[in-house]
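So the structure is just underneath, and the comments pick up after that.
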Amino acid sequence: MAVITPYWGLDGMIIFASLMVVFYMYMTRKFKYWAKRGIMEIPPTPFMGNFTDCLMLKKSPSDFIKDLYEMARGLPYMGFYIFDKPFFLVRDPELVKHILVKDFNVFNDRYASPAVTDRLGYANLFQIKNPAWKVLRSKLTPIFTSGKLKRMFELMALVGDDLDKHLESLNLGVAKEVEMKEICANFTTDMIGSTAFGLRVNSLENPNEPFREAGRQIFNYDLFRGLEFLTIFFMPYLTKYTGAKFFGKESSRFLRTVFWDVINQRVQSGEKRNDLIDLLIELKRKHEDEGDLGGFSFSGDDLVAQAAVFFSGGFETSSTTMSFTFYELALNMDIQRTLRKEILTALEKTNGKVTYEMIMELPYLDMVISETLRKYPALGFLDRVANTDYKLPNSDLVLEKGTPVYISMIGMHHDPEYFPDPQKYDPDRFTEENKQKRPNFVYFPFGEGPHICIGLRLGLMQSKLGLIQFLRKYEVTPSKKTVIPLVMDPKGVTLTALGGVYLNLRKITTEAG
């Protein structure tokens with residue numbers, strides 16, 4: 001005889017149904033969390049919350065957060081759910097300022113996090129939590145002084161020469177179709193390899209070079225990598241169970257081996273290059289004996305994690321910025337000609353040599369890159385987590401400790417209230433006069449506040465050099481495979497054009513192009 005009824009089969013059905021009801025009630029117990037506090041929320045779906053399209057890899061995280069931003073138009077903030085967990089989205093620029101700057105002590109950690117055991121992914125400057133972040137940031141900042149950047153530029157210029165030779169070898173007297181993201185990523189991989197690690201990677205001539213291949217694997221948004229990044233950025237409490245790796249399993253193994261080889265070789269040779277590797281060796285010598293510094297130590301994978309994140313961030317963001325800029329210049333030939341004229345005029349004054357000072361003094365180039373970063377920020381959102389209960393300024397709302405807080409960078413960058421006709425590519429938005437007219441904290445492609453990207457000046461310098469090297473001799477125009485408008489990869493946590501950025505590239509014979 002069965003337990004509940006005379007039939008085991010019926011008992012099983014009743015028990016299964018009961019368990020489903022209990023599970024349903026558990027997974028929906030927090031729904032209405034925001035509505036009960038008088039905050040707008042999007043009606044969540046049981047079990048999935050508002051995250052269904054993103055989890056199914058039908059919508060990118062940047063578009064997911066941007067869509068929420070647009071749904072709450074006119075409001076300072078709103079609530080949403082990932083599975084059963086309440087998340088908070090900020091829209092008001094003044095509140096953005098509080099979270100990123102004024103009240104940084106409350107929001108000094110990102111919500112995203114790899115598993116603590118993934119030391120390359122967890123212990124790097126981008127992901128590590130306080131108090132270790134504060135210690136690490138102060139120690140790494142000296143590598144980005146103006147003096148050191150100027151010395152780095154000398155190494156960057158050599159890679160610029162390599163790019164020039166590579167483009168000459170393509171025989172572009174007649175326009176040829178080129179996948180611009182790939183060639184830009186080869187260039188920036190060589191650049192970061194030289195300036196940060198003292199390595200001549202040479203992926204411009206050998207696109208299958210192991211360093212370049214490792215970079216591709218990190219940002220290869222297949223099903224597995226897409227879900228790994230979603231877990232890290234939106235469900236970090238699951239990373240210890242899923243084994244998600246920030247850099248991916250194979251790339252982590254490769255980067256660990258290569259960077260230790262470089263560090264050990266540098267120590268044995270005594271060579272000094274004043275680059276990232278030298279700084280890491282110095283930090284290891286000074287602080288290795290101090291042991292744990294709030295969850296971090298200057299040894300082992302914790303040390304190599306800094307090299308790994310500078311490599312991945314250094315080549316990917318700059319190559320993305322360059323390729324999106326070329327795309328927009330191909331569609332806006334008047335802007336391309338204006339920029340080329342500025343570049344050629346500056347080169348006349350330096351007898352054709354690209355110098356650090358010249359790059360720093362090209363206002364229209366600054367405006368062009370700023371507009372690219374407005375339309376196409378590398379990471380379309382910012383995330384923080386409240387480390388204590390927080391009462392919002394001029395409000396009775398209290399965010400509970402542990403609440404994830406998100407800011408839609410791309411939502412604010414595309415908001416017609418701040419940037420009229422936001423789909424139009426218009427560098428004139430960034431004249432000094434127009435910048436003064438806009439509210440603060442509506443444009444922040446590198447983040448803002450203490451967590452602002454430590455390598456932003458290096459990244460901008462790489463992008464500027466690459467654009468100059470191309471545009472001084474070559475023009476870009478749409479090709480048969482150019483997708484207009486661009487479609488972004490729904491599996492990408494960073495902004496990535498689906499299928500690449502194909503353009504025609506042709507050598508010009510006159511200054512007018």
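If you're wondering about the labels, chains in the structure tokens are A, B, ... by order shown, residues count from 1 in each chain, ligands from 1 in order shown.
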
Can you check which residues of range 312-420 of chain A DSSP gives as helix (DSSP H, G or I) on the backbone and send them as a VMD selection string?
chain A and resid 312 to 331 333 to 349 356 to 360 363 to 375 409 to 413

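For range 173-346 of chain A, backbone-based DSSP assignment of strand (DSSP E or B) covers A:Lys176, A:Glu177, A:Val178, A:Glu179.
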
For Asp103 in chain A, the closest of A:Tyr33, A:Phe324, A:Tyr390, A:Tyr376 counting only C-alpha atoms is A:Tyr390

Selection: 10 Å around Pro76 in chain A, only C-alpha atoms, excl. self and same-chain fewer than 2 positions, as number ranges by chain
A: 39, 69, 72-74, 78, 89-96

Write the residues you've just listed into a file as a JSON list (two decimals), in the first residue's frame, and include N, CA, C and O atoms for each of them.
[["chain", "number", "residue", "atom", "x", "y", "z"],
["A", 39, "ILE", "N", 8.45, 51.21, -5.87],
["A", 39, "ILE", "CA", 9.41, 51.35, -6.97],
["A", 39, "ILE", "C", 8.89, 50.60, -8.19],
["A", 39, "ILE", "O", 8.40, 49.47, -8.08],
["A", 69, "TYR", "N", 16.49, 50.40, -18.82],
["A", 69, "TYR", "CA", 16.67, 51.84, -18.70],
["A", 69, "TYR", "C", 15.58, 52.60, -19.46],
["A", 69, "TYR", "O", 15.00, 53.56, -18.96],
["A", 72, "ALA", "N", 12.01, 52.58, -18.03],
["A", 72, "ALA", "CA", 11.79, 53.43, -16.84],
["A", 72, "ALA", "C", 12.00, 54.91, -17.17],
["A", 72, "ALA", "O", 12.30, 55.71, -16.28],
["A", 73, "ARG", "N", 11.80, 55.29, -18.44],
["A", 73, "ARG", "CA", 12.02, 56.67, -18.84],
["A", 73, "ARG", "C", 11.23, 57.63, -17.94],
["A", 73, "ARG", "O", 10.06, 57.41, -17.65],
["A", 74, "GLY", "N", 11.90, 58.68, -17.52],
["A", 74, "GLY", "CA", 11.28, 59.67, -16.66],
["A", 74, "GLY", "C", 11.42, 59.40, -15.17],
["A", 74, "GLY", "O", 11.07, 60.23, -14.35],
["A", 78, "MET", "N", 14.68, 52.11, -10.95],
["A", 78, "MET", "CA", 13.66, 51.06, -11.06],
["A", 78, "MET", "C", 14.24, 49.77, -10.48],
["A", 78, "MET", "O", 15.42, 49.68, -10.17],
["A", 89, "LEU", "N", 18.32, 49.37, -10.67],
["A", 89, "LEU", "CA", 18.86, 50.09, -11.82],
["A", 89, "LEU", "C", 18.75, 51.59, -11.57],
["A", 89, "LEU", "O", 17.68, 52.10, -11.28],
["A", 90, "VAL", "N", 19.88, 52.28, -11.72],
["A", 90, "VAL", "CA", 19.93, 53.73, -11.50],
["A", 90, "VAL", "C", 19.91, 54.46, -12.83],
["A", 90, "VAL", "O", 20.66, 54.10, -13.76],
["A", 91, "ARG", "N", 19.06, 55.50, -12.94],
["A", 91, "ARG", "CA", 18.96, 56.29, -14.16],
["A", 91, "ARG", "C", 19.36, 57.75, -13.95],
["A", 91, "ARG", "O", 19.76, 58.44, -14.88],
["A", 92, "ASP", "N", 19.20, 58.26, -12.75],
["A", 92, "ASP", "CA", 19.40, 59.67, -12.47],
["A", 92, "ASP", "C", 20.89, 60.01, -12.38],
["A", 92, "ASP", "O", 21.62, 59.39, -11.58],
["A", 93, "PRO", "N", 21.39, 61.00, -13.16],
["A", 93, "PRO", "CA", 22.82, 61.32, -13.13],
["A", 93, "PRO", "C", 23.33, 61.72, -11.75],
["A", 93, "PRO", "O", 24.47, 61.38, -11.39],
["A", 94, "GLU", "N", 22.51, 62.40, -10.97],
["A", 94, "GLU", "CA", 22.95, 62.81, -9.64],
["A", 94, "GLU", "C", 23.14, 61.59, -8.74],
["A", 94, "GLU", "O", 24.08, 61.52, -7.95],
["A", 95, "LEU", "N", 22.24, 60.62, -8.86],
["A", 95, "LEU", "CA", 22.37, 59.40, -8.08],
["A", 95, "LEU", "C", 23.56, 58.57, -8.57],
["A", 95, "LEU", "O", 24.26, 57.93, -7.77],
["A", 96, "VAL", "N", 23.80, 58.57, -9.88],
["A", 96, "VAL", "CA", 24.99, 57.92, -10.43],
["A", 96, "VAL", "C", 26.24, 58.51, -9.79],
["A", 96, "VAL", "O", 27.17, 57.78, -9.40]]

Skipping near chain neighbours, those fewer than 6 positions away, what residues fall within 9 Å of His287 in chain A using only C-alpha atoms, listed as a PyMOL selection string?
chain A and resi 297-299

Hey, can you spit out that residue selection with N, CA and C atoms as a short mmCIF file (atom, residue, chain, number, x, y, z; two decimals), in the first residue's frame?
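Output contents, as saved in out-v7.cif:
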data_model
loop_
_atom_site.label_atom_id
_atom_site.label_comp_id
_atom_site.auth_asym_id
_atom_site.auth_seq_id
_atom_site.Cartn_x
_atom_site.Cartn_y
_atom_site.Cartn_z
N SER A 297 47.83 38.62 -2.23
CA SER A 297 49.26 38.61 -1.90
C SER A 297 50.05 38.87 -3.18
N PHE A 298 51.22 39.50 -3.03
CA PHE A 298 52.05 39.81 -4.19
C PHE A 298 52.92 38.62 -4.56
N SER A 299 52.27 37.52 -4.88
CA SER A 299 52.99 36.31 -5.27
C SER A 299 52.05 35.39 -6.03
#

Within 12 Å of range 434-450 of chain A, which residues of range 293-360 of chain A show up? Give each one with its shortest atom-to-atom distance in Å (one decimal) and the two atoms involved, counting only C-alpha atoms, rows by chain then rising residue number, as a Markdown table.
| residue | atom | partner | partner_atom | distance |
| --- | --- | --- | --- | --- |
| A:Gly313 | CA | A:Phe446 | CA | 11.6 |
| A:Thr317 | CA | A:Phe446 | CA | 10.1 |
| A:Ser318 | CA | A:Phe446 | CA | 11.8 |
| A:Thr321 | CA | A:Pro445 | CA | 10.8 |

Output the selection as a PDB file, in the first residue's frame - N, CA, C and O atoms for each residue.
ATOM      1  N   GLY A 313      42.408  43.341 -21.303  1.00  0.00           N
ATOM      2  CA  GLY A 313      41.786  44.649 -21.433  1.00  0.00           C
ATOM      3  C   GLY A 313      42.544  45.542 -22.388  1.00  0.00           C
ATOM      4  O   GLY A 313      41.941  46.329 -23.124  1.00  0.00           O
ATOM      5  N   THR A 317      39.745  46.321 -25.717  1.00  0.00           N
ATOM      6  CA  THR A 317      38.998  47.587 -25.731  1.00  0.00           C
ATOM      7  C   THR A 317      39.514  48.523 -26.817  1.00  0.00           C
ATOM      8  O   THR A 317      38.726  49.173 -27.513  1.00  0.00           O
ATOM      9  N   SER A 318      40.830  48.595 -26.990  1.00  0.00           N
ATOM     10  CA  SER A 318      41.386  49.491 -28.009  1.00  0.00           C
ATOM     11  C   SER A 318      41.039  49.023 -29.416  1.00  0.00           C
ATOM     12  O   SER A 318      40.713  49.830 -30.290  1.00  0.00           O
ATOM     13  N   THR A 321      37.389  49.832 -30.090  1.00  0.00           N
ATOM     14  CA  THR A 321      37.217  51.262 -30.353  1.00  0.00           C
ATOM     15  C   THR A 321      37.684  51.620 -31.757  1.00  0.00           C
ATOM     16  O   THR A 321      36.999  52.354 -32.484  1.00  0.00           O
TER      17      THR A 321
END

Please, which residues in range 389-493 of chain A fall within 10 Å of range 135-152 of chain A when counting only C-alpha atoms, and what is the closest atom pair and distance in Å to one decimal for each, ordered by chain then residue number, as CSV?
residue,atom,partner,partner_atom,distance
A:Pro450,CA,A:Arg137,CA,9.3
A:His451,CA,A:Arg137,CA,9.0
A:Ile454,CA,A:Thr141,CA,7.0
A:Gly455,CA,A:Phe144,CA,7.0
A:Leu456,CA,A:Phe144,CA,9.2
A:Arg457,CA,A:Phe144,CA,7.8
A:Leu458,CA,A:Leu149,CA,7.0
A:Met461,CA,A:Leu149,CA,8.9

So that I have them on file, write out the residues from the current selection with all heavy atoms, as a JSON list (two decimals), in the first residue's frame.
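Contents of selection-v2.json, as written:
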[["chain", "number", "residue", "atom", "x", "y", "z"],
["A", 450, "PRO", "N", 36.70, 56.49, -8.17],
["A", 450, "PRO", "CA", 37.93, 55.74, -7.84],
["A", 450, "PRO", "C", 38.12, 54.48, -8.68],
["A", 450, "PRO", "O", 39.25, 54.04, -8.90],
["A", 450, "PRO", "CB", 37.74, 55.39, -6.36],
["A", 450, "PRO", "CG", 36.85, 56.47, -5.83],
["A", 450, "PRO", "CD", 35.91, 56.78, -6.95],
["A", 451, "HIS", "N", 37.01, 53.89, -9.16],
["A", 451, "HIS", "CA", 37.11, 52.66, -9.96],
["A", 451, "HIS", "C", 37.31, 52.94, -11.44],
["A", 451, "HIS", "O", 37.27, 52.00, -12.25],
["A", 451, "HIS", "CB", 35.85, 51.81, -9.78],
["A", 451, "HIS", "CG", 36.03, 50.63, -8.87],
["A", 451, "HIS", "ND1", 36.98, 49.65, -9.10],
["A", 451, "HIS", "CD2", 35.39, 50.26, -7.74],
["A", 451, "HIS", "CE1", 36.92, 48.73, -8.15],
["A", 451, "HIS", "NE2", 35.97, 49.08, -7.31],
["A", 454, "ILE", "N", 42.04, 52.23, -14.88],
["A", 454, "ILE", "CA", 43.39, 52.69, -14.59],
["A", 454, "ILE", "C", 44.21, 52.88, -15.87],
["A", 454, "ILE", "O", 45.12, 53.71, -15.93],
["A", 454, "ILE", "CB", 44.10, 51.70, -13.64],
["A", 454, "ILE", "CG1", 45.39, 52.30, -13.08],
["A", 454, "ILE", "CG2", 44.38, 50.38, -14.35],
["A", 454, "ILE", "CD1", 46.06, 51.44, -12.02],
["A", 455, "GLY", "N", 43.87, 52.14, -16.93],
["A", 455, "GLY", "CA", 44.65, 52.20, -18.16],
["A", 455, "GLY", "C", 44.02, 53.03, -19.26],
["A", 455, "GLY", "O", 44.37, 52.87, -20.43],
["A", 456, "LEU", "N", 43.12, 53.96, -18.90],
["A", 456, "LEU", "CA", 42.38, 54.66, -19.95],
["A", 456, "LEU", "C", 43.29, 55.49, -20.85],
["A", 456, "LEU", "O", 43.10, 55.55, -22.07],
["A", 456, "LEU", "CB", 41.26, 55.52, -19.35],
["A", 456, "LEU", "CG", 41.58, 56.83, -18.62],
["A", 456, "LEU", "CD1", 41.60, 58.01, -19.58],
["A", 456, "LEU", "CD2", 40.54, 57.10, -17.54],
["A", 457, "ARG", "N", 44.31, 56.13, -20.28],
["A", 457, "ARG", "CA", 45.18, 56.96, -21.12],
["A", 457, "ARG", "C", 46.01, 56.10, -22.07],
["A", 457, "ARG", "O", 46.25, 56.48, -23.23],
["A", 457, "ARG", "CB", 46.09, 57.83, -20.25],
["A", 457, "ARG", "CG", 45.33, 58.94, -19.54],
["A", 457, "ARG", "CD", 46.29, 60.00, -19.01],
["A", 457, "ARG", "NE", 47.16, 59.48, -17.98],
["A", 457, "ARG", "CZ", 48.23, 60.13, -17.51],
["A", 457, "ARG", "NH1", 48.56, 61.32, -18.00],
["A", 457, "ARG", "NH2", 48.98, 59.60, -16.55],
["A", 458, "LEU", "N", 46.44, 54.93, -21.58],
["A", 458, "LEU", "CA", 47.18, 54.01, -22.45],
["A", 458, "LEU", "C", 46.27, 53.50, -23.57],
["A", 458, "LEU", "O", 46.66, 53.43, -24.74],
["A", 458, "LEU", "CB", 47.72, 52.85, -21.64],
["A", 458, "LEU", "CG", 48.46, 51.75, -22.44],
["A", 458, "LEU", "CD1", 49.68, 52.33, -23.13],
["A", 458, "LEU", "CD2", 48.86, 50.59, -21.53],
["A", 461, "MET", "N", 45.72, 56.18, -26.14],
["A", 461, "MET", "CA", 46.94, 56.39, -26.91],
["A", 461, "MET", "C", 47.09, 55.31, -27.98],
["A", 461, "MET", "O", 47.45, 55.59, -29.13],
["A", 461, "MET", "CB", 48.14, 56.39, -25.97],
["A", 461, "MET", "CG", 49.38, 57.04, -26.54],
["A", 461, "MET", "SD", 50.54, 57.57, -25.25],
["A", 461, "MET", "CE", 51.03, 56.00, -24.55]]

Please provide the set of residues having any atom within 12 Å of Gln462 in chain A, restricted to only C-alpha atoms, with same-chain residues fewer than 3 positions apart removed, written as an mmCIF file with N, CA and C atoms, in the first residue's frame.
data_model
loop_
_atom_site.group_PDB
_atom_site.id
_atom_site.type_symbol
_atom_site.label_atom_id
_atom_site.label_comp_id
_atom_site.auth_asym_id
_atom_site.auth_seq_id
_atom_site.Cartn_x
_atom_site.Cartn_y
_atom_site.Cartn_z
ATOM 1 N N LEU A 149 54.204 56.786 -19.642
ATOM 2 C CA LEU A 149 53.421 56.643 -20.871
ATOM 3 C C LEU A 149 54.200 57.176 -22.070
ATOM 4 N N MET A 152 56.627 54.589 -22.975
ATOM 5 C CA MET A 152 55.924 53.487 -23.636
ATOM 6 C C MET A 152 55.631 53.822 -25.093
ATOM 7 N N PHE A 153 55.356 55.100 -25.343
ATOM 8 C CA PHE A 153 54.996 55.484 -26.708
ATOM 9 C C PHE A 153 56.104 55.171 -27.701
ATOM 10 N N GLU A 154 57.342 55.258 -27.257
ATOM 11 C CA GLU A 154 58.459 54.931 -28.149
ATOM 12 C C GLU A 154 58.369 53.485 -28.618
ATOM 13 N N LEU A 155 57.963 52.579 -27.722
ATOM 14 C CA LEU A 155 57.778 51.177 -28.101
ATOM 15 C C LEU A 155 56.539 51.022 -28.984
ATOM 16 N N MET A 156 55.494 51.796 -28.674
ATOM 17 C CA MET A 156 54.268 51.737 -29.465
ATOM 18 C C MET A 156 54.515 52.196 -30.895
ATOM 19 N N ALA A 157 55.358 53.215 -31.044
ATOM 20 C CA ALA A 157 55.645 53.729 -32.381
ATOM 21 C C ALA A 157 56.301 52.670 -33.263
ATOM 22 N N VAL A 159 55.688 49.451 -33.101
ATOM 23 C CA VAL A 159 54.604 48.582 -33.553
ATOM 24 C C VAL A 159 53.792 49.296 -34.628
ATOM 25 N N GLY A 160 53.676 50.629 -34.502
ATOM 26 C CA GLY A 160 53.024 51.399 -35.558
ATOM 27 C C GLY A 160 53.743 51.244 -36.882
ATOM 28 N N CYS A 184 42.795 45.096 -36.333
ATOM 29 C CA CYS A 184 43.004 46.003 -35.199
ATOM 30 C C CYS A 184 43.414 45.233 -33.947
ATOM 31 N N ALA A 185 42.819 44.058 -33.743
ATOM 32 C CA ALA A 185 43.167 43.240 -32.576
ATOM 33 C C ALA A 185 44.585 42.691 -32.708
ATOM 34 N N PHE A 187 47.019 44.244 -34.202
ATOM 35 C CA PHE A 187 47.849 45.420 -33.915
ATOM 36 C C PHE A 187 47.921 45.708 -32.414
ATOM 37 N N THR A 188 46.783 45.718 -31.729
ATOM 38 C CA THR A 188 46.799 46.049 -30.298
ATOM 39 C C THR A 188 47.393 44.923 -29.455
ATOM 40 N N THR A 189 47.284 43.679 -29.925
ATOM 41 C CA THR A 189 47.956 42.571 -29.232
ATOM 42 C C THR A 189 49.466 42.756 -29.292
ATOM 43 N N ASP A 190 49.987 43.108 -30.467
ATOM 44 C CA ASP A 190 51.419 43.391 -30.586
ATOM 45 C C ASP A 190 51.810 44.571 -29.711
ATOM 46 N N MET A 191 50.923 45.558 -29.650
ATOM 47 C CA MET A 191 51.198 46.774 -28.883
ATOM 48 C C MET A 191 51.310 46.468 -27.390
ATOM 49 N N ILE A 192 50.311 45.783 -26.834
ATOM 50 C CA ILE A 192 50.326 45.516 -25.394
ATOM 51 C C ILE A 192 51.422 44.506 -25.058
ATOM 52 N N SER A 194 54.336 44.406 -26.406
ATOM 53 C CA SER A 194 55.592 45.141 -26.359
ATOM 54 C C SER A 194 55.663 46.086 -25.170
ATOM 55 N N THR A 195 54.628 46.898 -24.975
ATOM 56 C CA THR A 195 54.688 47.958 -23.970
ATOM 57 C C THR A 195 54.574 47.438 -22.546
ATOM 58 N N GLY A 314 43.868 45.409 -22.410
ATOM 59 C CA GLY A 314 44.686 46.278 -23.231
ATOM 60 C C GLY A 314 44.481 46.091 -24.713
ATOM 61 N N PHE A 315 44.311 44.863 -25.170
ATOM 62 C CA PHE A 315 44.144 44.674 -26.617
ATOM 63 C C PHE A 315 42.681 44.756 -27.041
ATOM 64 N N GLU A 316 41.758 44.275 -26.220
ATOM 65 C CA GLU A 316 40.368 44.153 -26.665
ATOM 66 C C GLU A 316 39.663 45.505 -26.755
ATOM 67 N N THR A 317 39.745 46.321 -25.717
ATOM 68 C CA THR A 317 38.998 47.587 -25.731
ATOM 69 C C THR A 317 39.514 48.523 -26.817
ATOM 70 N N SER A 318 40.830 48.595 -26.990
ATOM 71 C CA SER A 318 41.386 49.491 -28.009
ATOM 72 C C SER A 318 41.039 49.023 -29.416
ATOM 73 N N SER A 319 41.101 47.719 -29.654
ATOM 74 C CA SER A 319 40.784 47.214 -30.997
ATOM 75 C C SER A 319 39.302 47.385 -31.310
ATOM 76 N N THR A 320 38.456 47.238 -30.297
ATOM 77 C CA THR A 320 37.021 47.468 -30.488
ATOM 78 C C THR A 320 36.762 48.926 -30.828
ATOM 79 N N THR A 321 37.389 49.832 -30.090
ATOM 80 C CA THR A 321 37.217 51.262 -30.353
ATOM 81 C C THR A 321 37.684 51.620 -31.757
ATOM 82 N N MET A 322 38.823 51.094 -32.165
ATOM 83 C CA MET A 322 39.335 51.381 -33.500
ATOM 84 C C MET A 322 38.402 50.874 -34.588
ATOM 85 N N TYR A 356 54.519 61.573 -29.559
ATOM 86 C CA TYR A 356 53.633 61.587 -28.394
ATOM 87 C C TYR A 356 52.910 62.924 -28.284
ATOM 88 N N ILE A 359 50.119 63.364 -30.944
ATOM 89 C CA ILE A 359 48.909 62.595 -30.665
ATOM 90 C C ILE A 359 48.053 63.284 -29.600
ATOM 91 N N MET A 360 48.726 63.903 -28.627
ATOM 92 C CA MET A 360 48.012 64.556 -27.535
ATOM 93 C C MET A 360 47.358 65.866 -27.952
ATOM 94 N N ILE A 369 37.020 59.899 -31.348
ATOM 95 C CA ILE A 369 37.091 58.746 -30.447
ATOM 96 C C ILE A 369 36.046 58.860 -29.339
ATOM 97 N N GLY A 455 43.867 52.142 -16.934
ATOM 98 C CA GLY A 455 44.646 52.204 -18.161
ATOM 99 C C GLY A 455 44.018 53.028 -19.261
ATOM 100 N N LEU A 456 43.119 53.956 -18.898
ATOM 101 C CA LEU A 456 42.375 54.664 -19.945
ATOM 102 C C LEU A 456 43.293 55.486 -20.849
ATOM 103 N N ARG A 457 44.307 56.127 -20.282
ATOM 104 C CA ARG A 457 45.184 56.956 -21.125
ATOM 105 C C ARG A 457 46.015 56.099 -22.075
ATOM 106 N N LEU A 458 46.441 54.930 -21.581
ATOM 107 C CA LEU A 458 47.176 54.014 -22.455
ATOM 108 C C LEU A 458 46.267 53.502 -23.568
ATOM 109 N N GLY A 459 45.031 53.146 -23.220
ATOM 110 C CA GLY A 459 44.086 52.660 -24.213
ATOM 111 C C GLY A 459 43.786 53.694 -25.279
ATOM 112 N N LEU A 465 46.980 56.125 -32.036
ATOM 113 C CA LEU A 465 48.104 55.761 -32.894
ATOM 114 C C LEU A 465 47.639 54.878 -34.044
ATOM 115 N N GLY A 466 46.796 53.903 -33.739
ATOM 116 C CA GLY A 466 46.290 53.020 -34.779
ATOM 117 C C GLY A 466 45.494 53.764 -35.832
ATOM 118 N N LEU A 467 44.618 54.675 -35.415
ATOM 119 C CA LEU A 467 43.814 55.445 -36.365
ATOM 120 C C LEU A 467 44.714 56.310 -37.248
ATOM 121 N N ILE A 468 45.719 56.923 -36.650
ATOM 122 C CA ILE A 468 46.630 57.759 -37.431
ATOM 123 C C ILE A 468 47.383 56.928 -38.462
ATOM 124 N N GLN A 469 47.875 55.758 -38.057
ATOM 125 C CA GLN A 469 48.648 54.918 -38.971
ATOM 126 C C GLN A 469 47.815 54.474 -40.170
#

In terms of only C-alpha atoms, the residue from A:Glu179, A:Asp366, A:Glu400, A:Asp389 at minimal distance from Thr431 in chain A is A:Asp366

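Minimum atom-to-atom distance to Ile263 in chain A, evaluated using only C-alpha atoms, belongs to A:Leu303 out of A:Leu230, A:Leu293, A:Ala386, A:Leu303.
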
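A straight line drawn from CA of Phe88 in chain A to CA of Leu373 in chain A is 24.7 Å long.
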
Within 9 Å of Pro393 in chain A using only C-alpha atoms, minus same-chain residues under 3 positions, as a list in words:
Leu95, His98, Asp396 and Leu397 of chain A

Keeping only C-alpha atoms, write the selected residues to a file as a PDB file, in the first residue's frame.
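Below is the file that was written, part.pdb:
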ATOM      1  CA  LEU A  95      22.371  59.399  -8.078  1.00  0.00           C
ATOM      2  CA  HIS A  98      26.602  59.438  -5.455  1.00  0.00           C
ATOM      3  CA  ASP A 396      12.946  57.376   2.037  1.00  0.00           C
ATOM      4  CA  LEU A 397      14.109  54.348   0.057  1.00  0.00           C
TER       5      LEU A 397
END

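CA of Val309 in chain A is positioned 9.4 Å from CA of Gln127 in chain A.
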
Of A:Met358, A:Leu379, A:Lys507, A:Asn202, the one nearest to Ser169 in chain A when counting only C-alpha atoms is A:Lys507
